[in-house]
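*Asks:* Below is protein04.csv; it holds CSV, C-alpha atoms.
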```csv
chain,number,residue,atom,x,y,z
A,16,PRO,CA,0.7,3.4,-35.0
A,17,VAL,CA,3.2,6.0,-33.8
A,18,PRO,CA,4.2,7.2,-30.4
A,19,PHE,CA,1.3,9.1,-29.0
A,20,GLN,CA,3.6,12.1,-28.2
A,21,MET,CA,3.8,12.8,-31.9
A,22,LEU,CA,0.0,13.3,-32.0
A,23,THR,CA,-0.9,15.1,-28.9
A,24,ALA,CA,0.3,18.5,-30.0
A,25,LEU,CA,-2.1,18.4,-33.0
A,26,ASP,CA,-5.6,19.8,-33.0
A,27,LEU,CA,-7.3,16.4,-32.5
A,28,ASP,CA,-11.0,15.8,-32.0
A,29,GLY,CA,-12.5,13.5,-29.4
A,30,ASP,CA,-12.5,10.5,-31.7
A,31,ALA,CA,-8.8,10.9,-32.4
A,32,TRP,CA,-8.1,11.1,-28.7
A,33,ALA,CA,-10.2,8.0,-28.1
A,34,GLN,CA,-8.0,6.2,-30.7
A,35,ILE,CA,-4.9,7.3,-28.8
A,36,ALA,CA,-6.5,5.7,-25.7
A,37,LYS,CA,-7.3,2.6,-27.6
A,38,ASN,CA,-3.7,2.2,-29.0
A,39,GLY,CA,-1.9,3.3,-25.8
A,40,SER,CA,-0.3,1.0,-23.3
A,41,TRP,CA,-1.9,0.3,-20.0
A,42,GLN,CA,0.5,2.7,-18.2
A,43,GLN,CA,-0.2,5.5,-20.8
A,44,VAL,CA,-3.9,5.1,-20.3
A,45,ARG,CA,-3.7,5.1,-16.5
A,46,GLN,CA,-1.5,8.2,-16.5
A,47,ASN,CA,-3.6,10.2,-19.0
A,48,LEU,CA,-7.2,9.7,-17.8
A,49,ASN,CA,-7.7,13.4,-17.0
A,50,THR,CA,-6.2,14.3,-20.3
A,51,PHE,CA,-8.6,12.1,-22.1
A,52,ALA,CA,-11.5,13.6,-20.2
A,53,ARG,CA,-10.3,17.1,-20.9
A,54,HIS,CA,-10.3,16.3,-24.7
A,55,GLY,CA,-13.8,14.9,-24.7
A,56,VAL,CA,-13.2,11.2,-24.9
A,57,PHE,CA,-15.8,10.6,-22.2
A,58,ASP,CA,-18.4,13.3,-23.1
A,59,LYS,CA,-19.4,12.8,-26.7
A,60,ASP,CA,-22.8,11.6,-27.9
A,61,LYS,CA,-24.3,8.8,-25.9
A,62,HIS,CA,-23.3,6.0,-28.3
A,63,ASN,CA,-19.7,7.0,-28.6
A,64,LYS,CA,-19.4,8.0,-25.0
A,65,ASP,CA,-20.4,4.5,-23.8
A,66,ARG,CA,-18.2,2.9,-26.4
A,67,HIS,CA,-15.1,4.9,-25.4
A,68,ILE,CA,-15.7,4.4,-21.7
A,69,ARG,CA,-16.1,0.7,-22.1
A,70,SER,CA,-12.9,0.5,-24.1
A,71,VAL,CA,-10.8,2.4,-21.6
A,72,ALA,CA,-12.4,0.5,-18.6
A,73,ALA,CA,-11.7,-2.8,-20.3
A,74,LYS,CA,-8.1,-2.0,-20.8
A,75,LEU,CA,-7.6,-0.8,-17.2
A,76,ARG,CA,-9.1,-4.0,-15.6
A,77,ASP,CA,-7.4,-6.4,-18.1
A,78,PRO,CA,-5.4,-8.8,-16.0
A,79,ALA,CA,-2.9,-9.5,-18.8
A,80,ALA,CA,-2.3,-5.8,-19.4
A,81,ILE,CA,-1.9,-5.2,-15.7
A,82,ALA,CA,0.7,-8.0,-15.5
A,83,ARG,CA,2.6,-6.7,-18.6
A,84,ALA,CA,2.7,-3.2,-17.0
A,85,HIS,CA,4.0,-4.6,-13.7
A,86,ALA,CA,1.4,-2.4,-12.1
A,87,ILE,CA,2.0,-1.7,-8.4
A,88,PRO,CA,-0.8,-0.7,-6.0
A,89,TYR,CA,0.7,2.7,-5.2
A,90,GLN,CA,0.4,3.7,-8.9
A,91,LEU,CA,-3.3,2.9,-8.9
A,92,LEU,CA,-3.9,4.7,-5.6
A,93,THR,CA,-2.2,7.8,-7.0
A,94,THR,CA,-4.3,7.6,-10.1
A,95,TRP,CA,-7.5,7.1,-8.1
A,96,GLN,CA,-6.7,10.2,-6.0
A,97,ALA,CA,-5.8,12.3,-9.0
A,98,ALA,CA,-8.9,11.4,-11.0
A,99,GLY,CA,-11.0,14.5,-11.6
A,100,ASP,CA,-14.7,14.9,-11.5
A,101,ALA,CA,-15.0,14.4,-15.2
A,102,ILE,CA,-13.8,10.7,-14.9
A,103,PRO,CA,-16.9,8.5,-15.3
A,104,GLY,CA,-17.9,6.1,-12.5
A,105,ALA,CA,-17.2,3.1,-14.8
A,106,ILE,CA,-13.6,4.2,-15.1
A,107,ARG,CA,-13.3,4.6,-11.3
A,108,ASP,CA,-14.8,1.1,-10.9
A,109,ALA,CA,-12.2,-0.3,-13.3
A,110,LEU,CA,-9.4,1.3,-11.3
A,111,GLN,CA,-10.8,-0.5,-8.2
A,112,ASP,CA,-10.9,-3.8,-10.1
A,113,ALA,CA,-7.3,-3.2,-11.2
A,114,MET,CA,-6.3,-2.6,-7.6
A,115,GLU,CA,-7.7,-6.0,-6.6
A,116,ILE,CA,-5.7,-7.6,-9.3
A,117,ALA,CA,-2.5,-5.7,-8.5
A,118,VAL,CA,-2.5,-6.9,-4.9
A,119,GLN,CA,-3.0,-10.6,-5.6
A,120,ASN,CA,0.6,-11.1,-4.4
A,121,VAL,CA,-0.4,-10.2,-0.9
A,122,PRO,CA,0.2,-13.5,1.1
A,123,GLN,CA,-2.2,-15.2,3.3
A,124,LEU,CA,-0.5,-15.0,6.7
A,125,PRO,CA,-1.1,-17.8,9.3
A,126,GLY,CA,-2.5,-17.2,12.7
A,127,ASN,CA,-3.6,-14.1,14.5
A,128,ILE,CA,-2.5,-11.1,12.4
A,129,VAL,CA,-2.7,-7.5,13.7
A,130,VAL,CA,-2.0,-4.5,11.4
A,131,CYS,CA,-1.4,-1.2,13.0
A,132,PRO,CA,-1.4,1.9,10.6
A,133,ASP,CA,-0.1,5.1,12.1
A,134,VAL,CA,-2.7,7.8,11.5
A,135,SER,CA,-0.9,10.7,13.4
A,136,GLY,CA,-0.4,14.2,12.1
A,137,SER,CA,3.1,13.6,10.7
A,138,MET,CA,1.6,10.9,8.4
A,139,GLN,CA,-0.1,13.7,6.4
A,140,SER,CA,3.2,14.5,4.7
A,141,PRO,CA,3.8,13.5,1.0
A,142,VAL,CA,5.2,10.0,0.8
A,143,THR,CA,8.1,11.2,-1.4
A,144,GLY,CA,8.8,14.4,0.6
A,145,TYR,CA,8.3,18.0,-0.5
A,146,ARG,CA,9.8,18.6,-3.9
A,147,ALA,CA,9.3,21.8,-5.9
A,148,GLY,CA,6.9,21.0,-8.8
A,149,ALA,CA,7.0,17.3,-8.0
A,150,THR,CA,5.4,16.8,-4.6
A,151,SER,CA,3.4,13.5,-4.6
A,152,LYS,CA,-0.4,13.7,-3.9
A,153,THR,CA,-0.1,10.4,-2.1
A,154,ARG,CA,0.7,10.9,1.6
A,155,CYS,CA,2.3,8.5,4.1
A,156,ILE,CA,-1.1,7.9,5.7
A,157,ASP,CA,-2.5,6.8,2.3
A,158,VAL,CA,0.3,4.2,1.9
A,159,ALA,CA,-0.2,3.0,5.5
A,160,ALA,CA,-4.0,2.7,4.8
A,161,LEU,CA,-3.4,0.9,1.5
A,162,ILE,CA,-1.1,-1.7,3.0
A,163,SER,CA,-3.5,-2.3,5.9
A,164,ALA,CA,-6.5,-2.7,3.6
A,165,ALA,CA,-4.6,-5.0,1.2
A,166,VAL,CA,-3.5,-7.3,4.1
A,167,LEU,CA,-7.1,-7.3,5.4
A,168,ARG,CA,-8.5,-8.1,2.0
A,169,HIS,CA,-6.4,-11.3,1.7
A,170,ASN,CA,-6.5,-12.1,5.4
A,171,PRO,CA,-10.0,-11.4,6.6
A,172,GLN,CA,-9.3,-12.7,10.0
A,173,ALA,CA,-6.7,-10.0,10.6
A,174,ARG,CA,-7.3,-7.1,13.0
A,175,VAL,CA,-6.6,-3.5,12.1
A,176,ILE,CA,-5.7,-1.1,15.0
A,177,PRO,CA,-5.0,2.5,13.8
A,178,PHE,CA,-3.0,4.6,16.3
A,179,GLU,CA,-1.7,8.0,17.0
A,180,MET,CA,-1.1,9.0,20.7
A,181,VAL,CA,-3.7,6.3,21.5
A,182,THR,CA,-5.4,3.6,19.5
A,183,VAL,CA,-8.4,4.6,17.3
A,184,ASN,CA,-11.6,2.7,17.0
A,185,VAL,CA,-12.6,2.0,13.4
A,186,ARG,CA,-14.7,-0.8,11.9
A,187,LEU,CA,-13.6,-2.2,8.6
A,188,ASN,CA,-15.4,-4.8,6.4
A,189,PRO,CA,-12.9,-7.2,4.8
A,190,ARG,CA,-15.4,-7.6,1.9
A,191,ASP,CA,-15.3,-3.9,1.0
A,192,SER,CA,-12.9,-2.9,-1.7
A,193,ILE,CA,-9.3,-2.0,-0.9
A,194,MET,CA,-9.9,1.6,-2.1
A,195,THR,CA,-13.0,1.9,0.3
A,196,ASN,CA,-11.1,0.7,3.3
A,197,ALA,CA,-8.0,2.6,2.5
A,198,GLU,CA,-10.0,5.9,2.2
A,199,LYS,CA,-11.8,5.1,5.5
A,200,LEU,CA,-8.4,4.7,7.3
A,201,ALA,CA,-6.8,7.7,5.6
A,202,ASP,CA,-9.7,9.9,6.7
A,203,ILE,CA,-8.9,9.5,10.4
A,204,GLY,CA,-5.6,11.4,10.7
A,205,GLY,CA,-4.3,13.7,13.5
A,206,GLY,CA,-2.5,13.8,16.8
A,207,GLY,CA,1.0,12.8,18.0
A,208,THR,CA,2.7,9.4,17.6
A,209,ALA,CA,3.1,6.6,20.1
A,210,CYS,CA,4.2,3.5,18.3
A,211,SER,CA,3.8,1.6,21.6
A,212,ALA,CA,0.0,2.4,21.8
A,213,PRO,CA,-1.3,-0.6,19.8
A,214,LEU,CA,1.0,-3.0,21.6
A,215,ARG,CA,0.0,-1.6,24.9
A,216,LEU,CA,-3.7,-2.3,24.0
A,217,LEU,CA,-2.8,-5.9,23.0
A,218,ASN,CA,-1.1,-6.3,26.4
A,219,ARG,CA,-4.1,-5.0,28.3
A,220,GLU,CA,-6.3,-7.4,26.4
A,221,LYS,CA,-3.8,-10.3,26.9
A,222,ALA,CA,-4.3,-10.9,23.3
A,223,ARG,CA,-2.9,-13.9,21.4
A,224,VAL,CA,-0.9,-12.7,18.3
A,225,ASP,CA,1.3,-14.4,15.8
A,226,MET,CA,2.4,-11.3,13.8
A,227,VAL,CA,2.0,-7.6,14.4
A,228,ILE,CA,2.7,-5.2,11.5
A,229,ILE,CA,3.4,-1.6,12.4
A,230,VAL,CA,3.2,0.8,9.4
A,231,SER,CA,4.5,4.3,10.4
A,232,ASP,CA,6.9,7.1,9.5
A,233,ASN,CA,8.6,6.2,12.8
A,234,GLU,CA,8.3,9.6,14.3
A,235,SER,CA,7.3,8.3,17.7
A,236,TRP,CA,8.0,11.4,19.8
A,237,ALA,CA,5.3,10.7,22.3
A,238,ASP,CA,6.9,7.5,23.6
A,239,VAL,CA,9.2,7.5,26.6
A,240,ALA,CA,12.2,5.2,26.6
A,241,ARG,CA,12.6,2.7,29.4
A,242,GLY,CA,16.2,2.3,30.1
A,243,LYS,CA,18.0,1.3,26.9
A,244,ASN,CA,14.7,0.2,25.2
A,245,SER,CA,12.0,2.2,23.5
A,246,ALA,CA,8.5,2.1,24.9
A,247,MET,CA,7.5,0.1,21.9
A,248,LEU,CA,10.2,-2.6,22.4
A,249,ALA,CA,9.2,-2.8,26.1
A,250,GLU,CA,5.6,-3.5,25.2
A,251,TRP,CA,6.7,-6.0,22.5
A,252,ASP,CA,8.8,-8.0,25.0
A,253,LYS,CA,5.7,-8.3,27.2
A,254,ILE,CA,3.8,-9.7,24.2
A,255,LYS,CA,6.6,-12.2,23.6
A,256,GLN,CA,6.2,-13.5,27.2
A,257,ARG,CA,2.7,-14.6,26.3
A,258,ASN,CA,3.3,-15.4,22.6
A,259,PRO,CA,6.9,-16.7,22.3
A,260,GLN,CA,6.6,-17.4,18.6
A,261,ALA,CA,5.1,-14.0,17.7
A,262,LYS,CA,6.9,-11.8,15.1
A,263,LEU,CA,7.0,-8.0,14.7
A,264,VAL,CA,7.3,-6.2,11.4
A,265,CYS,CA,8.1,-2.4,11.5
A,266,LEU,CA,7.5,-0.9,8.1
A,267,ASP,CA,9.0,2.6,8.1
A,268,ILE,CA,7.6,4.5,5.1
A,269,GLN,CA,10.2,7.3,5.4
A,270,PRO,CA,13.2,5.6,7.1
A,271,TYR,CA,15.5,7.6,9.3
A,272,VAL,CA,18.8,6.6,11.0
A,273,THR,CA,17.0,5.2,14.1
A,274,VAL,CA,14.3,2.6,14.7
A,275,GLN,CA,11.9,1.8,17.5
A,276,ALA,CA,12.9,-1.8,17.7
A,277,ARG,CA,16.2,-3.2,16.2
A,278,ASN,CA,16.3,-6.3,14.0
A,279,ARG,CA,16.5,-9.6,15.8
A,280,HIS,CA,15.1,-13.1,15.1
A,281,ASP,CA,11.5,-12.0,15.8
A,282,ILE,CA,11.7,-8.4,14.6
A,283,LEU,CA,12.0,-7.2,11.0
A,284,ASN,CA,12.5,-3.6,9.9
A,285,ILE,CA,11.6,-2.6,6.4
A,286,GLY,CA,12.4,0.9,5.0
A,287,GLY,CA,10.5,2.5,2.1
A,288,PHE,CA,7.5,1.1,0.2
A,289,SER,CA,6.7,-1.0,-2.9
A,290,ASP,CA,4.8,-4.1,-3.7
A,291,GLN,CA,7.8,-6.1,-2.6
A,292,VAL,CA,6.7,-5.4,1.0
A,293,PHE,CA,4.0,-8.0,0.6
A,294,HIS,CA,6.5,-10.6,-0.5
A,295,LEU,CA,8.7,-9.8,2.5
A,296,LEU,CA,5.8,-10.2,4.9
A,297,GLY,CA,5.1,-13.7,3.6
A,298,ALA,CA,8.8,-14.7,3.7
A,299,PHE,CA,9.3,-13.4,7.3
A,300,ALA,CA,6.1,-15.2,8.4
A,301,ALA,CA,7.5,-18.5,7.0
A,302,GLN,CA,11.0,-18.0,8.5
A,303,ASN,CA,12.1,-20.3,11.2
A,304,HIS,CA,13.5,-17.8,13.7
A,305,SER,CA,17.0,-17.6,12.3
A,306,ALA,CA,19.4,-14.9,13.5
A,307,ASP,CA,19.2,-12.5,10.6
A,308,PHE,CA,16.3,-12.4,8.0
A,309,TRP,CA,18.1,-10.1,5.6
A,310,VAL,CA,21.3,-12.2,5.5
A,311,ASP,CA,19.2,-15.3,4.9
A,312,THR,CA,17.2,-13.5,2.1
A,313,ILE,CA,20.4,-12.4,0.4
A,314,ASN,CA,22.0,-15.9,0.6
A,315,GLN,CA,19.0,-17.3,-1.2
A,316,ILE,CA,19.6,-15.2,-4.3
A,317,ARG,CA,21.2,-17.4,-7.0
A,318,ILE,CA,23.7,-15.6,-9.2
A,319,ALA,CA,24.4,-17.3,-12.5
A,320,GLU,CA,28.1,-18.0,-13.1
A,321,LYS,CA,29.5,-16.5,-16.2
A,322,ALA,CA,31.2,-19.1,-18.4
A,323,ALA,CA,35.0,-18.6,-18.8
```
Can you turn what I pasted into C-alpha cells?
*Replies:*
Amino acid sequence: PVPFQMLTALDLDGDAWAQIAKNGSWQQVRQNLNTFARHGVFDKDKHNKDRHIRSVAAKLRDPAAIARAHAIPYQLLTTWQAAGDAIPGAIRDALQDAMEIAVQNVPQLPGNIVVCPDVSGSMQSPVTGYRAGATSKTRCIDVAALISAAVLRHNPQARVIPFEMVTVNVRLNPRDSIMTNAEKLADIGGGGTACSAPLRLLNREKARVDMVIIVSDNESWADVARGKNSAMLAEWDKIKQRNPQAKLVCLDIQPYVTVQARNRHDILNIGGFSDQVFHLLGAFAAQNHSADFWVDTINQIRIAEKAA
C-alpha cells in the first residue's frame, strides 16, 4: 500500500501491475489503461486475463468511485479516444457505462429543445489549443458532439441540427450511447462557419422552439452582419417573434473578445467547457426572464460570515 509511483520503475510482472490497478484510485486507473495493457495486465493466460479485466472494468463503472473522483465527461471522452487497440472491449464498455453515470447531472429541459453543434473545419482544432508536447487529442468538435449527445440522452425529444456553412442532415438515436452519438457527430466535420444557418432553417420551417443551444468556437466568418446585428441575432429575433418565451444559449468553446449575440434576458453566453455547463443550462431554462442571468447567479451564492 504505497504510492504507485514508487513501484512503476521496478521490473514488475503482469500480476504486480494488475495489483497496482486493483489498488489504484479511479483516476489513476482511468489515466493508465494503456500502461496496464503495455505491461500485460490484459493479455495473460485466460483465467487471469478475465479476472484482471473484470476487476478494472468494475472499478471504472463503479458509481461510488466515479462520484468520489468527481469525474467529468470530457475526461472520459479523452480516455476513450486515447485507448489503444490492446484495450479489451469489456474495458471500453465500462468507459461507456462510466460516461452515462458522469452525465447524470444533465437536466431535463422543458419544451422544444434544439441543439446545434458546429461541425465546421475550425472545430477540428485541439480544444485546449496547440501547446508543444501537451496538445490535447480532444478537439472542439468532440466537445460539441459530446454536449449535444449528452443533452439528447436526457432529453430524447430534443432535435440536433449540426451546421457549418449550411445545416447538415444526420439521424441520431436517443437510445444509442453517448459515445456512439458523439462519434457520429464528430465524424461529419468540414466547411466554413455560419452560426445563423440552424436558426435560418428553423425560421424557414416556422418551428416552435423553447430553447436553442449553439455549441461553436464562434468563428462565424461566413455570416454577413445586418446593420448593427450579426446575421445570427437577426435570425434569432425572427424566432422570437413567433416564440416570445424562447431562450438562446451560445456556448463558445474557445471564447474570444466578440460574440454573435450579446447577453440579454433571453440570451446567455457561456465561455469554455466543463460539466458545469449542464447545470447552467438547467438554471437558465428555469429563469424567469430577469435582466442579467450572471448577476442573478452570483447573487444566489451564499458566503458564510466569519465570526468576529
*Asks:* Using only C-alpha atoms, find the one residue out of A:Asn170, A:Thr208, A:Gln46, A:Asn188 that sits nearest to Gly297 (chain A).
*Replies:* A:Asn170
*Asks:* Grab the CA of Gly207 (chain A) to CA of Gln139 (chain A) distance for me, in Å with one decimal place.
*Replies:*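 Taking CA of Gly207 (chain A) and CA of Gln139 (chain A), their separation equals 11.7 Å.
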*Asks:* Restricting the calculation to all atoms listed in the file: of A:Gln96, A:Asn120, A:Ser40, A:Gln172, which residue gets closest to Ser289 (chain A)?
*Replies:*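 Using all atoms listed in the file, the shortest distance to Ser289 (chain A) belongs to A:Asn120.
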*Asks:* Can you tell me, as a VMD selection string, what residues are no more than 8 Å from Lys253 (chain A) when counting only C-alpha atoms, ignoring any on the same chain fewer than 4 positions away?
*Replies:* chain A and resid 218 249 257
*Asks:* Quick one: distance from CA of Ile313 (chain A) to CA of Val129 (chain A) in Å, one decimal?
*Replies:*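 We find that CA of Ile313 (chain A) and CA of Val129 (chain A) lie 27.1 Å from each other.
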*Asks:* Would you kindly return, as a list in words, each protein, DNA or RNA residue with an atom no farther than 9 Å from any atom of Asn38 (chain A), considering all atoms listed in the file and excluding same-chain residues fewer than 4 positions away?
*Replies:* Pro16, Phe19, Ala33 and Gln34 of chain A
*Asks:* Between CA of Asp281 (chain A) and CA of Leu263 (chain A), what is the distance in Å, rounded to a tenth?
*Replies:* 6.1 Å
*Asks:* I'd like the neighbourhood of region 103-115 of chain A as a list in words, where a residue qualifies if any of its atoms comes within 9 Å (using only C-alpha atoms), though same-chain residues fewer than 5 positions away should be ignored.
*Replies:*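 The residues satisfying every condition are Arg45, Leu48, Ala52, Phe57, Ile68, Arg69, Val71, Ala72, Ala73, Lys74, Leu75, Arg76, Asp77, Pro78, Ile81, Ala86, Ile87, Pro88, Leu91, Leu92, Thr94, Trp95, Ala98, Ala165, Arg168, Ser192, Ile193 and Met194 of chain A.
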*Asks:* Those residues with C-alpha atoms, as a PDB file, keeping the file's coordinate frame please?
*Replies:*
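Below is the file out-v4.pdb, written as the result:
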```pdb
ATOM      1  CA  ARG A  45      -3.700   5.100 -16.500  1.00  0.00           C
ATOM      2  CA  LEU A  48      -7.200   9.700 -17.800  1.00  0.00           C
ATOM      3  CA  ALA A  52     -11.500  13.600 -20.200  1.00  0.00           C
ATOM      4  CA  PHE A  57     -15.800  10.600 -22.200  1.00  0.00           C
ATOM      5  CA  ILE A  68     -15.700   4.400 -21.700  1.00  0.00           C
ATOM      6  CA  ARG A  69     -16.100   0.700 -22.100  1.00  0.00           C
ATOM      7  CA  VAL A  71     -10.800   2.400 -21.600  1.00  0.00           C
ATOM      8  CA  ALA A  72     -12.400   0.500 -18.600  1.00  0.00           C
ATOM      9  CA  ALA A  73     -11.700  -2.800 -20.300  1.00  0.00           C
ATOM     10  CA  LYS A  74      -8.100  -2.000 -20.800  1.00  0.00           C
ATOM     11  CA  LEU A  75      -7.600  -0.800 -17.200  1.00  0.00           C
ATOM     12  CA  ARG A  76      -9.100  -4.000 -15.600  1.00  0.00           C
ATOM     13  CA  ASP A  77      -7.400  -6.400 -18.100  1.00  0.00           C
ATOM     14  CA  PRO A  78      -5.400  -8.800 -16.000  1.00  0.00           C
ATOM     15  CA  ILE A  81      -1.900  -5.200 -15.700  1.00  0.00           C
ATOM     16  CA  ALA A  86       1.400  -2.400 -12.100  1.00  0.00           C
ATOM     17  CA  ILE A  87       2.000  -1.700  -8.400  1.00  0.00           C
ATOM     18  CA  PRO A  88      -0.800  -0.700  -6.000  1.00  0.00           C
ATOM     19  CA  LEU A  91      -3.300   2.900  -8.900  1.00  0.00           C
ATOM     20  CA  LEU A  92      -3.900   4.700  -5.600  1.00  0.00           C
ATOM     21  CA  THR A  94      -4.300   7.600 -10.100  1.00  0.00           C
ATOM     22  CA  TRP A  95      -7.500   7.100  -8.100  1.00  0.00           C
ATOM     23  CA  ALA A  98      -8.900  11.400 -11.000  1.00  0.00           C
ATOM     24  CA  ALA A 165      -4.600  -5.000   1.200  1.00  0.00           C
ATOM     25  CA  ARG A 168      -8.500  -8.100   2.000  1.00  0.00           C
ATOM     26  CA  SER A 192     -12.900  -2.900  -1.700  1.00  0.00           C
ATOM     27  CA  ILE A 193      -9.300  -2.000  -0.900  1.00  0.00           C
ATOM     28  CA  MET A 194      -9.900   1.600  -2.100  1.00  0.00           C
TER      29      MET A 194
END
```
